[in-house]
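Participant: entry.cif is reproduced below (mmCIF, C-alpha atoms and all ligand atoms).
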```cif
data_structure
loop_
_atom_site.label_atom_id
_atom_site.label_comp_id
_atom_site.auth_asym_id
_atom_site.auth_seq_id
_atom_site.Cartn_x
_atom_site.Cartn_y
_atom_site.Cartn_z
CA MET A 1 7.51 112.10 -69.28
CA LYS A 2 6.22 109.37 -71.58
CA THR A 3 8.14 106.14 -71.71
CA ILE A 4 8.83 104.99 -75.25
CA ASP A 5 9.02 101.22 -74.97
CA LEU A 6 10.21 99.56 -78.18
CA ARG A 7 10.94 96.12 -76.74
CA SER A 8 7.73 94.48 -77.94
CA ASP A 9 4.15 95.07 -79.03
CA THR A 10 3.13 93.10 -75.93
CA VAL A 11 3.73 96.18 -73.76
CA THR A 12 0.64 98.01 -75.07
CA LYS A 13 -1.88 99.06 -72.44
CA PRO A 14 -5.64 98.98 -73.01
CA VAL A 15 -7.07 102.30 -74.19
CA ALA A 16 -9.87 103.94 -72.17
CA GLU A 17 -12.61 102.78 -74.59
CA MET A 18 -11.35 99.22 -74.33
CA LYS A 19 -11.46 99.38 -70.54
CA GLN A 20 -15.01 100.69 -70.77
CA ALA A 21 -15.98 97.78 -73.00
CA MET A 22 -14.44 95.41 -70.45
CA PHE A 23 -16.33 97.07 -67.63
CA ALA A 24 -19.63 96.81 -69.47
CA ALA A 25 -19.14 93.20 -70.61
CA GLN A 26 -21.96 90.69 -70.10
CA LEU A 27 -20.58 87.82 -68.03
CA GLY A 28 -21.28 84.19 -67.29
CA ASP A 29 -19.36 81.02 -66.46
CA ASP A 30 -17.39 80.16 -69.58
CA VAL A 31 -16.58 76.64 -68.40
CA TYR A 32 -20.35 76.05 -68.67
CA GLY A 33 -20.20 77.82 -72.06
CA GLU A 34 -22.34 80.60 -70.59
CA ASP A 35 -20.23 83.71 -70.94
CA PRO A 36 -21.91 85.76 -73.70
CA SER A 37 -18.85 87.90 -74.28
CA VAL A 38 -16.51 84.93 -74.67
CA ASN A 39 -19.05 83.26 -76.97
CA MET A 40 -19.29 86.45 -79.02
CA LEU A 41 -15.51 86.75 -79.36
CA GLU A 42 -15.18 83.11 -80.42
CA LYS A 43 -17.96 83.47 -83.00
CA LYS A 44 -16.46 86.69 -84.31
CA ALA A 45 -12.97 85.23 -84.66
CA ALA A 46 -14.24 82.09 -86.40
CA LEU A 47 -16.29 84.15 -88.85
CA LEU A 48 -13.45 86.58 -89.51
CA LEU A 49 -10.94 83.80 -90.23
CA GLY A 50 -13.41 81.67 -92.17
CA LYS A 51 -13.48 78.57 -89.93
CA GLU A 52 -16.27 76.78 -88.07
CA ASP A 53 -15.36 77.52 -84.48
CA ALA A 54 -12.89 79.13 -82.09
CA ILE A 55 -11.76 78.98 -78.49
CA PHE A 56 -10.54 81.79 -76.26
CA CYS A 57 -7.20 81.01 -74.58
CA SER A 58 -5.22 82.72 -71.89
CA SER A 59 -2.09 83.15 -74.03
CA GLY A 60 -0.59 82.43 -77.42
CA THR A 61 1.62 79.81 -75.85
CA GLN A 62 -1.46 78.01 -74.53
CA SER A 63 -3.34 78.40 -77.80
CA ASN A 64 -0.48 76.93 -79.86
CA LEU A 65 0.01 74.07 -77.39
CA ILE A 66 -3.70 73.24 -77.45
CA ALA A 67 -3.61 73.20 -81.26
CA LEU A 68 -0.60 70.90 -81.38
CA MET A 69 -2.17 68.56 -78.84
CA ALA A 70 -5.51 68.58 -80.67
CA HIS A 71 -3.82 67.55 -83.94
CA CYS A 72 -1.13 65.21 -82.59
CA ASP A 73 -1.15 62.20 -80.23
CA ARG A 74 1.71 61.00 -78.03
CA GLY A 75 4.60 59.92 -80.20
CA ASP A 76 3.55 62.01 -83.16
CA GLU A 77 5.88 64.57 -84.63
CA TYR A 78 5.49 68.12 -85.90
CA ILE A 79 7.75 69.96 -88.34
CA VAL A 80 8.60 73.48 -87.26
CA GLY A 81 11.13 76.25 -87.79
CA GLN A 82 14.30 76.21 -85.70
CA ASP A 83 13.57 79.72 -84.41
CA ALA A 84 9.79 79.38 -84.38
CA HIS A 85 7.94 80.54 -81.29
CA THR A 86 6.24 77.17 -80.69
CA TYR A 87 9.55 75.35 -80.78
CA LYS A 88 11.96 77.81 -79.19
CA TYR A 89 10.01 80.20 -76.99
CA GLU A 90 7.30 78.06 -75.41
CA ALA A 91 9.45 76.16 -72.92
CA GLY A 92 9.26 72.97 -74.98
CA GLY A 93 5.57 72.57 -74.10
CA ALA A 94 4.69 70.38 -77.08
CA ALA A 95 7.32 67.82 -76.02
CA VAL A 96 6.86 68.19 -72.25
CA LEU A 97 3.08 68.30 -72.04
CA GLY A 98 1.99 66.80 -75.37
CA SER A 99 4.69 64.13 -75.86
CA ILE A 100 4.93 65.50 -79.38
CA GLN A 101 8.38 65.28 -80.94
CA PRO A 102 9.48 68.45 -82.71
CA GLN A 103 11.39 68.16 -85.98
CA PRO A 104 12.91 71.62 -86.31
CA ILE A 105 14.45 72.81 -89.57
CA SER A 106 16.14 76.11 -90.37
CA PHE A 107 14.22 79.01 -91.81
CA ASP A 108 15.26 80.53 -95.11
CA VAL A 109 16.04 84.26 -94.90
CA ASP A 110 12.50 85.14 -95.97
CA GLY A 111 11.00 83.22 -93.05
CA THR A 112 9.78 80.28 -95.13
CA LEU A 113 10.62 76.65 -94.47
CA ASN A 114 12.09 75.14 -97.63
CA LEU A 115 9.45 72.70 -98.82
CA ASP A 116 11.97 70.21 -100.23
CA THR A 117 13.58 70.11 -96.80
CA VAL A 118 10.16 69.64 -95.22
CA LYS A 119 9.54 66.70 -97.59
CA ARG A 120 12.90 65.20 -96.72
CA VAL A 121 12.22 65.18 -92.97
CA ILE A 122 8.73 63.66 -93.25
CA LYS A 123 9.19 60.16 -91.80
CA PRO A 124 8.03 57.07 -93.69
CA ASP A 125 5.55 54.78 -91.93
CA ASP A 126 8.09 52.59 -90.13
CA ASN A 127 8.30 51.40 -86.50
CA HIS A 128 11.62 53.17 -86.06
CA PHE A 129 10.15 56.60 -86.48
CA ALA A 130 7.77 58.98 -84.81
CA LYS A 131 4.68 59.61 -86.93
CA THR A 132 4.95 62.91 -88.78
CA LYS A 133 1.59 64.54 -88.25
CA LEU A 134 1.72 68.28 -88.63
CA LEU A 135 3.48 71.21 -90.25
CA CYS A 136 3.59 74.47 -88.30
CA LEU A 137 4.30 77.87 -89.83
CA GLU A 138 4.47 81.32 -88.27
CA ASN A 139 3.18 84.51 -89.96
CA THR A 140 4.48 87.13 -89.52
CA ILE A 141 7.79 85.54 -88.70
CA GLY A 142 10.41 87.89 -87.26
CA GLY A 143 8.37 90.74 -88.74
CA LYS A 144 8.37 89.12 -92.20
CA VAL A 145 5.26 88.23 -94.16
CA LEU A 146 4.95 84.80 -95.80
CA PRO A 147 4.02 85.07 -99.51
CA LEU A 148 0.55 83.76 -100.42
CA ASN A 149 1.90 81.53 -103.19
CA TYR A 150 4.25 79.92 -100.66
CA LEU A 151 1.30 79.16 -98.38
CA ASN A 152 -0.49 77.51 -101.30
CA GLN A 153 2.56 75.39 -102.14
CA ALA A 154 2.87 74.37 -98.49
CA LYS A 155 -0.84 73.49 -98.50
CA ASP A 156 -0.31 71.20 -101.53
CA LEU A 157 2.51 69.49 -99.67
CA VAL A 158 0.53 68.88 -96.47
CA ASP A 159 -2.35 67.51 -98.56
CA GLU A 160 -0.04 65.18 -100.46
CA TYR A 161 1.39 63.80 -97.19
CA HIS A 162 -1.87 63.94 -95.18
CA LEU A 163 -0.41 66.28 -92.57
CA SER A 164 -2.32 68.78 -90.47
CA PHE A 165 -1.38 72.40 -90.95
CA HIS A 166 -1.19 74.91 -88.06
CA LEU A 167 -0.42 78.60 -88.23
CA ASP A 168 1.06 80.46 -85.30
CA GLY A 169 -0.56 83.70 -86.36
CA ALA A 170 0.30 85.72 -83.27
CA ARG A 171 0.76 88.64 -85.68
CA LEU A 172 -1.48 87.37 -88.49
CA PHE A 173 -3.15 90.78 -88.92
CA ASN A 174 0.18 92.49 -89.44
CA ALA A 175 0.59 90.17 -92.45
CA VAL A 176 -2.98 90.86 -93.59
CA ILE A 177 -2.55 94.64 -93.41
CA SER A 178 0.88 94.53 -95.00
CA GLN A 179 -0.31 92.41 -97.95
CA GLY A 180 -3.64 94.22 -98.25
CA VAL A 181 -5.49 90.90 -98.53
CA ASP A 182 -8.58 89.46 -96.90
CA VAL A 183 -7.52 87.47 -93.86
CA LYS A 184 -9.21 84.37 -95.31
CA GLN A 185 -6.77 84.38 -98.23
CA ILE A 186 -4.14 83.48 -95.65
CA THR A 187 -6.15 81.30 -93.27
CA THR A 188 -7.83 79.14 -95.92
CA ALA A 189 -4.70 76.99 -96.28
CA PHE A 190 -4.58 76.09 -92.58
CA ASP A 191 -6.48 73.64 -90.39
CA SER A 192 -5.96 75.79 -87.32
CA ILE A 193 -4.76 79.29 -86.57
CA SER A 194 -3.75 80.93 -83.32
CA ILE A 195 -4.02 84.71 -83.11
CA CYS A 196 -2.80 86.95 -80.30
CA LEU A 197 -5.03 89.76 -79.05
CA SER A 198 -2.37 90.99 -76.67
CA LYS A 199 0.25 92.12 -79.20
CA GLY A 200 -0.33 94.88 -81.72
CA LEU A 201 -4.10 94.59 -81.26
CA GLY A 202 -3.68 96.09 -77.82
CA ALA A 203 -5.78 93.81 -75.58
CA PRO A 204 -4.32 93.13 -72.15
CA ILE A 205 -4.60 89.33 -72.32
CA GLY A 206 -5.67 86.59 -74.62
CA SER A 207 -5.38 84.56 -77.78
CA VAL A 208 -7.90 82.75 -79.91
CA LEU A 209 -7.49 79.36 -81.57
CA VAL A 210 -9.62 79.05 -84.70
CA ALA A 211 -10.32 75.75 -86.49
CA SER A 212 -12.97 73.20 -87.47
CA ALA A 213 -15.71 72.36 -84.96
CA GLU A 214 -14.10 68.93 -84.48
CA ILE A 215 -10.66 70.35 -83.57
CA ILE A 216 -12.17 73.00 -81.29
CA ALA A 217 -14.21 70.34 -79.45
CA LYS A 218 -10.95 68.50 -78.74
CA ALA A 219 -9.34 71.82 -77.86
CA ARG A 220 -11.94 72.50 -75.14
CA ARG A 221 -11.01 69.35 -73.28
CA ILE A 222 -7.28 70.05 -73.66
CA ARG A 223 -7.67 73.64 -72.49
CA LYS A 224 -9.44 72.37 -69.36
CA MET A 225 -6.65 69.83 -68.82
CA LEU A 226 -4.03 72.57 -69.06
CA GLY A 227 -5.84 74.66 -66.47
CA GLY A 228 -7.01 77.16 -69.05
CA GLY A 229 -10.74 76.92 -68.37
CA MET A 230 -11.58 80.43 -67.18
CA ARG A 231 -14.87 81.46 -65.62
CA GLN A 232 -16.20 85.02 -66.09
CA ALA A 233 -13.59 85.61 -68.77
CA GLY A 234 -15.93 87.92 -70.64
CA MET A 235 -14.14 90.99 -69.33
CA LEU A 236 -11.06 89.82 -71.19
CA ALA A 237 -13.06 88.70 -74.22
CA ALA A 238 -14.67 92.15 -74.40
CA ALA A 239 -11.19 93.64 -74.76
CA GLY A 240 -10.56 91.18 -77.59
CA ILE A 241 -13.81 92.11 -79.32
CA TYR A 242 -12.92 95.78 -79.03
CA ALA A 243 -9.49 95.04 -80.48
CA LEU A 244 -10.87 93.15 -83.49
CA ASP A 245 -13.44 95.89 -84.10
CA ASN A 246 -11.11 98.86 -83.73
CA HIS A 247 -7.45 97.98 -83.89
CA LEU A 248 -6.94 95.94 -87.04
CA HIS A 249 -6.56 98.72 -89.56
CA ARG A 250 -4.43 100.90 -87.35
CA LEU A 251 -1.64 98.30 -87.63
CA ASP A 252 -0.78 100.25 -90.77
CA ASP A 253 0.41 103.09 -88.50
CA ASP A 254 2.80 100.70 -86.76
CA HIS A 255 4.19 99.61 -90.12
CA ASP A 256 4.61 103.24 -91.20
CA ASN A 257 6.35 104.05 -87.93
CA ALA A 258 8.71 101.11 -88.33
CA GLN A 259 9.58 102.42 -91.83
CA LEU A 260 10.15 105.87 -90.39
CA LEU A 261 12.40 104.41 -87.73
CA ALA A 262 14.33 102.42 -90.34
CA GLN A 263 14.84 105.51 -92.51
CA GLY A 264 16.02 107.61 -89.58
CA LEU A 265 18.36 105.02 -88.13
CA SER A 266 19.82 103.91 -91.47
CA ALA A 267 21.49 107.31 -91.82
CA ILE A 268 23.33 106.97 -88.52
CA GLU A 269 26.89 105.72 -88.45
CA GLY A 270 27.14 103.19 -85.65
CA ILE A 271 23.87 101.50 -86.57
CA THR A 272 23.64 98.58 -88.97
CA LEU A 273 20.13 97.55 -90.00
CA HIS A 274 19.40 93.89 -90.71
CA GLY A 275 16.89 93.88 -93.53
CA CYS A 276 14.01 96.29 -93.91
CA ALA A 277 10.92 96.78 -91.78
CA GLN A 278 8.22 94.76 -93.60
CA THR A 279 5.75 95.14 -90.74
CA ASN A 280 6.23 96.44 -87.20
CA MET A 281 9.71 95.12 -86.45
CA LEU A 282 13.19 96.32 -87.16
CA PHE A 283 16.39 94.41 -86.41
CA LEU A 284 19.77 96.08 -86.04
CA SER A 285 23.24 95.99 -84.55
CA ALA A 286 24.61 98.98 -82.69
CA GLN A 287 28.14 99.96 -81.83
CA LYS A 288 28.67 100.50 -78.09
CA GLN A 289 25.35 98.75 -77.52
CA PRO A 290 25.43 98.69 -73.67
CA GLN A 291 26.20 102.41 -73.51
CA LEU A 292 23.53 103.18 -76.11
CA ILE A 293 20.92 101.26 -74.11
CA ASP A 294 21.80 103.17 -70.92
CA PHE A 295 21.84 106.50 -72.76
CA LEU A 296 18.36 105.88 -74.18
CA ALA A 297 17.04 104.57 -70.86
CA ALA A 298 18.01 107.88 -69.26
CA LYS A 299 15.70 109.50 -71.83
CA ASN A 300 12.85 107.07 -71.06
CA ILE A 301 13.43 105.10 -74.25
CA ILE A 302 13.53 101.38 -73.59
CA ILE A 303 15.00 98.97 -76.12
CA SER A 304 15.77 95.27 -75.85
CA ASN A 305 19.25 93.90 -75.30
CA GLY A 306 20.40 90.95 -77.36
CA LYS A 307 22.91 89.82 -79.97
CA VAL A 308 20.65 91.62 -82.40
CA ILE A 309 18.46 94.49 -81.19
CA ARG A 310 14.79 94.14 -82.07
CA LEU A 311 12.71 97.31 -82.14
CA VAL A 312 8.93 96.92 -82.29
CA THR A 313 6.38 99.63 -83.03
CA HIS A 314 2.87 99.43 -81.60
CA LEU A 315 -0.29 101.15 -80.41
CA ASP A 316 1.51 103.19 -77.76
CA ILE A 317 4.15 104.59 -80.14
CA ASN A 318 3.41 107.49 -82.48
CA SER A 319 5.46 109.21 -85.16
CA GLU A 320 6.66 111.91 -82.75
CA ASP A 321 8.07 109.18 -80.54
CA ILE A 322 9.94 107.81 -83.53
CA VAL A 323 11.47 111.23 -84.18
CA LYS A 324 12.51 111.40 -80.52
CA VAL A 325 14.16 108.00 -80.73
CA VAL A 326 16.07 108.81 -83.92
CA THR A 327 17.19 112.17 -82.49
CA ALA A 328 18.40 110.50 -79.29
CA VAL A 329 20.38 107.86 -81.20
CA GLU A 330 21.91 110.60 -83.38
CA GLU A 331 22.86 112.49 -80.26
CA PHE A 332 24.49 109.43 -78.73
CA TYR A 333 26.77 108.78 -81.68
CA SER A 334 27.56 112.43 -82.42
CA ASP A 335 28.57 113.02 -78.80
CA ASN A 336 30.74 109.93 -79.07
CA HIS A 337 29.77 108.37 -75.77
C1 LIG B 1 3.91 86.25 -78.49
C2 LIG B 1 3.91 85.10 -79.40
C3 LIG B 1 3.33 83.88 -79.05
C4 LIG B 1 2.81 83.56 -77.68
O1 LIG B 1 2.14 84.49 -77.05
P1 LIG B 1 2.05 84.61 -75.43
O2 LIG B 1 0.71 85.17 -75.27
O3 LIG B 1 3.16 85.50 -75.03
O4 LIG B 1 2.17 83.24 -74.85
C5 LIG B 1 3.32 82.89 -79.99
N1 LIG B 1 3.87 83.05 -81.20
C6 LIG B 1 4.45 84.19 -81.55
C7 LIG B 1 5.03 84.32 -82.92
C8 LIG B 1 4.51 85.26 -80.67
O5 LIG B 1 5.10 86.39 -81.04
#
```
Represent the structure contained in this file as structure tokens.
Ligand SMILES: *Cc1c(COP(=O)(O)O)cnc(C)c1O

Facilitator:
Amino acid sequence: MKTIDLRSDTVTKPVAEMKQAMFAAQLGDDVYGEDPSVNMLEKKAALLLGKEDAIFCSSGTQSNLIALMAHCDRGDEYIVGQDAHTYKYEAGGAAVLGSIQPQPISFDVDGTLNLDTVKRVIKPDDNHFAKTKLLCLENTIGGKVLPLNYLNQAKDLVDEYHLSFHLDGARLFNAVISQGVDVKQITTAFDSISICLSKGLGAPIGSVLVASAEIIAKARRIRKMLGGGMRQAGMLAAAGIYALDNHLHRLDDDHDNAQLLAQGLSAIEGITLHGCAQTNMLFLSAQKQPQLIDFLAAKNIIISNGKVIRLVTHLDINSEDIVKVVTAVEEFYSDNH
């Protein structure tokens, strides 16, 4: 019986064709810059996002950290959302390993950082203060897509204050597909972008940091320092290439399935949805949550536990699975467990 795992889009497993591409990958030592598959992935990602260069990283956490360290020196500061991945879910790496002080501020409900608030926390040039160096956004953020005009306003602000501008674009392509734009319309505002290959794109491992040649040159040294210099990494890069070639447009299916899930669950008493499903994520509260989780687990449906339940659709979930999930939740509440 198939397991329907809605905890995250990180749980996707490589499809057979992707594994074949990995098996057939041309390899070399990437620390010498000699892995053709890694080089091809980096070139492809840079071209796609409209920047000069790119670097393959082992994870999104590493890619974001490398970016922050490439832009900021010890004692610099970056402005970031209170619930942003780089600040909250990366074990404080920027502070611990980069000596970069975070200045977190709360997100607005739409996932934007209020730009007046950003302005207010930018420190003047004064010995008392850390040097504000960078603004970091995340897109999608909690499944929400940042509006293009907001990105442009944020870009004006970083230009005015001479800040660097980094995007944690772990799910950048979910935003691209949702908005129906060219990816460059989003990435043009930013100095650096980190994308994850291992989420909805379905690769087993890997992220890519994309930026100017100057930033990527710094990034190569930092990646080595962090222990992220990999050797015949081309097998992993080949999975990434396959993902970029074949799995971008299918993200639409994940968004449709999230909508389907939202529609089905919204009709069930006992479930309260928090907002709509803009991309591949749905947030909700459930009555008798622990019992519901156990009930679904017995039917091979796995959902996350938390104050708010997050359901994520992905490559390994189809519309029949969604129907199964909705039916099971209906059953749970109608049987009054
Ligand atoms: C998953 C994720 C990351 C980090 O990715 P890992 O590969 O798990 O380290 C960064 N930012 C966001 C928004 C993510 O969802």

Participant: Rounded to one decimal place, report the CA of Phe295 in chain A-CA of Lys307 in chain A distance in Å.

Facilitator: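 So the answer is 18.2 Å.
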
Participant: Could you name the residues that touch range 61-74 of chain A at 6 Å or less, counting only C-alpha atoms, but leaving out those on the same chain fewer than 2 positions away, as a PyMOL selection string?

Facilitator: chain A and resi 57+59+76+90+94+98-100+209+218-219

Participant: Enumerate residues in contact with ligand LIG 1 (chain B): an atom-to-atom distance of at most 10 Å, counting all atoms listed in the file. Format the result as a tab-separated table (two decimals) with C-alpha atoms, in the frame of the given file.

Facilitator:
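See selection-v8.tsv below for the written result:
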```tsv
chain	number	residue	atom	x	y	z
A	8	SER	CA	7.73	94.48	-77.94
A	9	ASP	CA	4.15	95.07	-79.03
A	10	THR	CA	3.13	93.10	-75.93
A	57	CYS	CA	-7.20	81.01	-74.58
A	58	SER	CA	-5.22	82.72	-71.89
A	59	SER	CA	-2.09	83.15	-74.03
A	60	GLY	CA	-0.59	82.43	-77.42
A	61	THR	CA	1.62	79.81	-75.85
A	62	GLN	CA	-1.46	78.01	-74.53
A	63	SER	CA	-3.34	78.40	-77.80
A	64	ASN	CA	-0.48	76.93	-79.86
A	65	LEU	CA	0.01	74.07	-77.39
A	83	ASP	CA	13.57	79.72	-84.41
A	84	ALA	CA	9.79	79.38	-84.38
A	85	HIS	CA	7.94	80.54	-81.29
A	86	THR	CA	6.24	77.17	-80.69
A	87	TYR	CA	9.55	75.35	-80.78
A	88	LYS	CA	11.96	77.81	-79.19
A	89	TYR	CA	10.01	80.20	-76.99
A	90	GLU	CA	7.30	78.06	-75.41
A	137	LEU	CA	4.30	77.87	-89.83
A	138	GLU	CA	4.47	81.32	-88.27
A	139	ASN	CA	3.18	84.51	-89.96
A	140	THR	CA	4.48	87.13	-89.52
A	141	ILE	CA	7.79	85.54	-88.70
A	142	GLY	CA	10.41	87.89	-87.26
A	143	GLY	CA	8.37	90.74	-88.74
A	167	LEU	CA	-0.42	78.60	-88.23
A	168	ASP	CA	1.06	80.46	-85.30
A	169	GLY	CA	-0.56	83.70	-86.36
A	170	ALA	CA	0.30	85.72	-83.27
A	171	ARG	CA	0.76	88.64	-85.68
A	172	LEU	CA	-1.48	87.37	-88.49
A	194	SER	CA	-3.75	80.93	-83.32
A	195	ILE	CA	-4.02	84.71	-83.11
A	196	CYS	CA	-2.80	86.95	-80.30
A	197	LEU	CA	-5.03	89.76	-79.05
A	198	SER	CA	-2.37	90.99	-76.67
A	199	LYS	CA	0.25	92.12	-79.20
A	204	PRO	CA	-4.32	93.13	-72.15
A	205	ILE	CA	-4.60	89.33	-72.32
A	206	GLY	CA	-5.67	86.59	-74.62
A	207	SER	CA	-5.38	84.56	-77.78
```

Participant: What is the CA of Leu6 in chain A to CA of Ala277 in chain A distance in Å?

Facilitator: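 About the pair CA of Leu6 in chain A and CA of Ala277 in chain A: they are 13.9 Å apart.
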
Participant: Which one of A:Asn114, A:Ser164, A:Gln278, A:Gln185 sits closest to Gly50 in chain A if you count all atoms listed in the file?

Facilitator: A:Gln185

Participant: Show me as a list of chain:residue names the residues that reach within 9 Å of (-11.5, 83.7, -86.5), counting only C-alpha atoms and using the file's own coordinates.

Facilitator: A:Leu41, A:Glu42, A:Lys43, A:Lys44, A:Ala45, A:Ala46, A:Leu47, A:Leu48, A:Leu49, A:Gly50, A:Lys51, A:Glu52, A:Asp53, A:Ala54, A:Thr187, A:Ile193, A:Ser194, A:Ile195, A:Val208, A:Leu209, A:Val210, A:Ala211

Participant: Considering only C-alpha atoms, return as a list in words whatever protein or nucleic-acid residues lie within 8 Å of His274 in chain A, sequence-local ones (same chain, fewer than 4 positions apart) excluded.

Facilitator: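 These residues fall inside the cut-off: Leu282, Phe283, Leu284 and Ser285 of chain A.
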
Participant: Tell me, counting all atoms listed in the file, for each residue of range 139-184 of chain A within 8 Å of range 241-259 of chain A, which pair of atoms is nearest and how far apart they are in Å to one decimal, in rows ordered by chain and increasing number, as JSON lines.

Facilitator:
```
{"residue": "A:Phe173", "atom": "CA", "partner": "A:Leu248", "partner_atom": "CA", "distance": 6.7}
{"residue": "A:Asn174", "atom": "CA", "partner": "A:Leu251", "partner_atom": "CA", "distance": 6.4}
{"residue": "A:Ile177", "atom": "CA", "partner": "A:Asp252", "partner_atom": "CA", "distance": 6.4}
{"residue": "A:Ser178", "atom": "CA", "partner": "A:Asp252", "partner_atom": "CA", "distance": 7.3}
```

Participant: Mind pulling up the distance from CA of Asn149 in chain A to CA of Leu115 in chain A?

Facilitator: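 Atom-to-atom, CA of Leu115 in chain A to CA of Asn149 in chain A, that is 12.4 Å.
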
Participant: Which is closest to Met40 in chain A among A:Asp159, A:Arg310, A:Met225, A:Ala239, if we use all atoms listed in the file?

Facilitator: A:Ala239

Participant: Excluding same-chain residues fewer than 6 positions from Cys136 in chain A, what lies within 8 Å of it counting all atoms listed in the file, as an MDAnalysis selection string?

Facilitator: chainID A and resid 78:81 165:168

Participant: With distances taken over only C-alpha atoms, which of A:Thr3, A:Asn305, A:Thr327, A:Thr112 is nearest to Pro147 in chain A?

Facilitator: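 Of A:Thr3, A:Asn305, A:Thr327, A:Thr112, the one nearest Pro147 in chain A is A:Thr112, counting only C-alpha atoms.
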
Participant: Got a sec: who's within 7 Å of range 322-326 of chain A, counting only C-alpha atoms, leaving out chain neighbours fewer than 6 positions off, as a PyMOL selection string?

Facilitator: chain A and resi 257+261+264-265
